[in-house]
Amino acid sequence: MNNVNSNLQNETKTSYPSAVPAIAIRDVVMFPYMALPLAVDRPRSVAAIEAGLKNNKYILSITQKKPHINEPEPADLYNFGVLSEISQSLKLPDGSMRVFLHGIKRAKILAVRAETPAYFTAEVEYPEETVSMTPEVTALMRHVVEIFENYIKLSTRISIDSLALLQQLEDPSKLADTIAANTILGIADKQDLIETLDVRERLEKLVRLLTKETEILDLEQKIHSRVKGQIEKSQKEYYLNEQMKAIQKELHQKDDFAKEIDEIRKKIKQAKMPKEAESAAEKELSRLSKMMPFSPESTVSRTYLDWLISLPWDVETKDILDIRQAMKILDEDHFGLEKPKERALEYLAVCKLTRKLKGPILCFVGPPGVGKTSIAKSIARAMDRKFVRMSLGGIRDEAEIRGHRRTYIGSMPGRIIQSIKKAKSKNPVFLLDEIDKMGMDWRGDPAAALLEVLDPEQNTEFADHYLDLPFDISKVMFITTANTLWGIPVSLRDRLEIIEFSGYTHNEKIEIAKRFLLPRQINEHGIKQDMISITDKTIDRIIRGYTREAGVRNLEREMATLARRAARRIVEEKTEKAEITAENLAGYLGIPKFAHEKAFSNAVGVATGLAWTEQGGEVLAIEAVAFPGRGEITLTGKLGDIMKESAQAAFSYVKSKNPVLKKYMQSHNFHLHVPEGAIPKDGPSAGITMAAALASLVSGRPVKKSVSMTGEITLTGRVLPIGGFKEKVIASYREEIMTVLFPRDNMKDLEEIPSEIKNKMKLIPVASMDEVLQTVLEPQGKRTKKKGQKVTEKL
């Protein structure tokens, strides 16, 4: 402690200048007791050195805050520096200098002023350092030396001889500064040590920094050792493998890897690839043969070659071109569906004549459960082709179609190539199911990727990103399915041959149930044909009371329920036969789900319209009421924008019909409601129905019973054509509404209506709203007058 105090007293007696030339240094922090060789080339720094040489050889070394600044200003310098002595100097011919500085004492900068010639002079004070040689400080000194010893062992930049000199130092400030000057620390950390005047606190900071640096150096050494060991292991394996190859060559033997390479080369020849693909495969095989057998790159290369040799480049099935046999198979599997059957047979007929027709690209559009997917399977069976199915519902990633590039880990071909590999044939029937259910996001648009797949002019060279080679898919017969066309982009729709599937008629459902659904469910539930009996009347009751759909999916579920409960009754009651009749049907299927009510009773302000949904045709009752008001109309029933606009057009038409009606409608408010308010409804085809309901309301003339209608209305009363005509007529027939008014422009669609329905119904084409009202409203003598409602004489 005495030695320390005497040193501090000696430093106190020495007087140092209060104004010193200052030099800015970068990338290094000067410490007391530190020797620093310095190359000085900035004019301002050279001028400061020359001024210092004239002034007792003192100069103030200050570190820059930002090393990249070439001409720092006072604000760019730290507030603490070290008074240094210029022990040696040498001026070079180019004007720069080489100097050797020796740090003396910390200095706090009070102000910096510019001198002439241009250099900085700093006004400084020399703050006293506080220290007491307590046992804690002594322990800190020993701990710092111990950590620094470990640091020297891990670092190759510092000589271990300097450790003996440190152990002899008794001044804690000098010890801390000497160690800090010889340690690789950040500029900010070293400057913080310069500015820490409490020696004990400085030692604690130094302990923390040294500990952190020692841990980092230890980790670096471990990483270096591990990498070196891996390299040595790889070199050893390579050396041993080369020795084994040399030995096997002498013995005329091959190792497993060489055998695998030969086997892959043989498969490449057998695959009968196009020249471009074979060349790419040979090139990849050559790369594989030069790799280490168990390296990650070899695994990627093997996988790529496996895909290339497993694709059916030259493998295709031979079509059965017997038209009668194909027709027999199609009729065995499906009842009705004449259009898709005809199209498949036409394709076979052309193939028989040309032998080289490209595969068609069909799109089956229709409600769920009408047989779109199953007819595709039957077409494949009729043609004796392989069948593959790919569901597009919910796909949002373009890579699902085209695959990922091989640069990605775990990349694979797209599902088109995967499915063709699975089919093991280059001409399968390929079903792209639910093409209208695709989405798109930041990963791309799958519909855009399908443009190449479904274009006969492009798909001869379909490019999958993973294969990066053209693959001919022009012989594939693509069939797509959708519930609606509006979900398919126009550019994609243009490449498709649309075949519309309508809902089944009541008689068709009975035949399908008898021929296909019931026998299949009886067989699946282990019931023999003679153990159950069911009449046509019972099937009719099931269709009317337990299902309401365009297809037969729910009907099959009810048949499955019937078979299960019949099987249970046969087992429990040990009966030989279960007889299911219309009278005991409720005991098997429960209470009917759909009460068959001829509910669409037209009346004053009530008219029956027809709608089309993805599930087929529907019948809607549209109701209108009037009450005193200001001529406004309210629309309810969860209507879409198009349907609301159609209602406004109908309202305006009725209001403009004659002055008497206009006066009445201006003094009343109207409410138009479409029941089943929880179901969204949209489209213009209910226009004439809404106009008829409003006209009936204001005239007091009821709408005739058993009449339904469909058609778009204009402001002038013209009736425009609509879509889904067949489904709407079938829905009206199903509800036993036998008179249907429809737009005259839809007469071309009459041929699509089954003759059994057309012959039983009265289908009336109309071109204007006047024709509609003359047909659907009861004569004036039968009109009824509601309380508070003015009855007009003429509509």
# chains A, B, ... in the order shown; residues from 1 in each chain; ligands from 1
>>> residues_around(residues="Ile216 (chain A)", least_positions_apart="3", cutoff="12 Å", atoms="only C-alpha atoms", output="list in words")
Tyr151, Leu154, Ser155, Ile184, Leu185, Leu209, Leu210, Thr211, Lys212, Glu213, Leu219, Glu220, Gln221, Lys222 and Ile223 of chain A
>>> write_last_selection(atoms="N, CA, C and O atoms", output="CSV table (one decimal), in the first residue's frame")
chain,number,residue,atom,x,y,z
A,151,TYR,N,-6.3,-16.5,-20.9
A,151,TYR,CA,-6.5,-15.8,-22.2
A,151,TYR,C,-5.3,-16.0,-23.1
A,151,TYR,O,-5.4,-16.2,-24.3
A,154,LEU,N,-5.0,-19.4,-24.7
A,154,LEU,CA,-5.9,-19.6,-25.8
A,154,LEU,C,-5.6,-18.7,-27.0
A,154,LEU,O,-5.9,-19.1,-28.2
A,155,SER,N,-5.0,-17.6,-26.8
A,155,SER,CA,-4.7,-16.6,-27.9
A,155,SER,C,-3.3,-16.8,-28.3
A,155,SER,O,-2.4,-17.0,-27.5
A,184,ILE,N,-7.4,-8.1,-26.8
A,184,ILE,CA,-8.2,-7.7,-28.0
A,184,ILE,C,-9.6,-7.5,-27.6
A,184,ILE,O,-10.4,-8.4,-27.3
A,185,LEU,N,-10.0,-6.2,-27.4
A,185,LEU,CA,-11.3,-5.8,-26.9
A,185,LEU,C,-11.9,-4.8,-27.9
A,185,LEU,O,-11.1,-4.2,-28.8
A,209,LEU,N,-14.9,-8.5,-18.9
A,209,LEU,CA,-14.5,-8.5,-20.4
A,209,LEU,C,-13.6,-9.6,-20.7
A,209,LEU,O,-13.7,-10.3,-21.7
A,210,LEU,N,-12.6,-9.9,-19.8
A,210,LEU,CA,-11.7,-11.0,-20.0
A,210,LEU,C,-12.4,-12.4,-20.0
A,210,LEU,O,-12.1,-13.3,-20.8
A,211,THR,N,-13.3,-12.5,-19.1
A,211,THR,CA,-14.0,-13.8,-19.0
A,211,THR,C,-14.8,-14.0,-20.2
A,211,THR,O,-14.8,-15.2,-20.8
A,212,LYS,N,-15.5,-13.0,-20.7
A,212,LYS,CA,-16.3,-13.1,-22.0
A,212,LYS,C,-15.3,-13.5,-23.2
A,212,LYS,O,-15.6,-14.4,-23.9
A,213,GLU,N,-14.2,-12.8,-23.3
A,213,GLU,CA,-13.3,-13.1,-24.4
A,213,GLU,C,-12.7,-14.5,-24.3
A,213,GLU,O,-12.5,-15.1,-25.3
A,219,LEU,N,-14.5,-21.3,-27.4
A,219,LEU,CA,-15.5,-21.9,-28.4
A,219,LEU,C,-14.8,-21.9,-29.7
A,219,LEU,O,-15.0,-22.9,-30.5
A,220,GLU,N,-14.1,-20.9,-30.1
A,220,GLU,CA,-13.4,-20.9,-31.4
A,220,GLU,C,-12.4,-22.0,-31.5
A,220,GLU,O,-12.4,-22.7,-32.6
A,221,GLN,N,-11.7,-22.3,-30.4
A,221,GLN,CA,-10.8,-23.4,-30.5
A,221,GLN,C,-11.5,-24.8,-30.6
A,221,GLN,O,-11.0,-25.7,-31.4
A,222,LYS,N,-12.7,-24.9,-29.9
A,222,LYS,CA,-13.4,-26.2,-30.0
A,222,LYS,C,-13.9,-26.3,-31.5
A,222,LYS,O,-13.9,-27.4,-32.0
A,223,ILE,N,-14.5,-25.2,-32.0
A,223,ILE,CA,-15.0,-25.3,-33.4
A,223,ILE,C,-13.9,-25.7,-34.4
A,223,ILE,O,-14.0,-26.5,-35.3
>>> residues_around(residues="region 664-671 of chain A", least_positions_apart="5", cutoff="12 Å", atoms="only C-alpha atoms", output="PyMOL selection string")
chain A and resi 605-606+622-637+647-648+651-659+690+693-695+697-699+788-792
>>> residues_around(residues="region 468-480 of chain A", least_positions_apart="5", cutoff="6 Å", atoms="only C-alpha atoms", output="number ranges by chain")
A: 358-363, 427-433, 459-463
>>> atom_distance(atom1="CA of Arg415 (chain A)", atom2="CA of Arg402 (chain A)")
7.5 Å
>>> atom_distance(atom1="CA of Arg202 (chain A)", atom2="CA of Asp177 (chain A)")
9.0 Å
>>> closest_residue(among="A:Glu136, A:Glu276, A:Ser502, A:Ile104", to="Trp313 (chain A)", atoms="only C-alpha atoms")
A:Glu276
>>> residues_around(residues="Gly551 (chain A)", least_positions_apart="5", cutoff="10 Å", atoms="only C-alpha atoms", output="list in words")
Gly366, Pro367, Pro368, Gly369, Val370, Gly371, Phe501, Ser502, Gly503, Tyr504, Thr505, Lys509, Glu556, Gln615 and Gly616 of chain A
>>> closest_residue(among="A:Lys426, A:Arg287, A:His68, A:Arg544", to="Phe387 (chain A)", atoms="only C-alpha atoms")
A:Lys426
>>> atom_distance(atom1="CA of Met273 (chain A)", atom2="CA of Asp306 (chain A)")
13.2 Å
>>> closest_residue(among="A:Lys269, A:Lys760, A:Arg701, A:Arg734", to="Ser310 (chain A)", atoms="only C-alpha atoms")
A:Lys269
>>> select_by_dssp(residues="region 387-554 of chain A", states="helix (DSSP H, G or I)", output="PyMOL selection string")
chain A and resi 399-402+415-423+435-437+446-453+459-461+490-493+506-524+529-531+536-546+553-554
>>> closest_residue(among="A:Leu454, A:Ala22, A:Ile194, A:Ala447", to="Glu398 (chain A)", atoms="only C-alpha atoms")
A:Ala447
>>> select_by_dssp(residues="region 5-139 of chain A", states="strand (DSSP E or B)", output="MDAnalysis selection string")
chainID A and resid 19:25 35:40 58:64 77 80:91 97:115 119:125 130
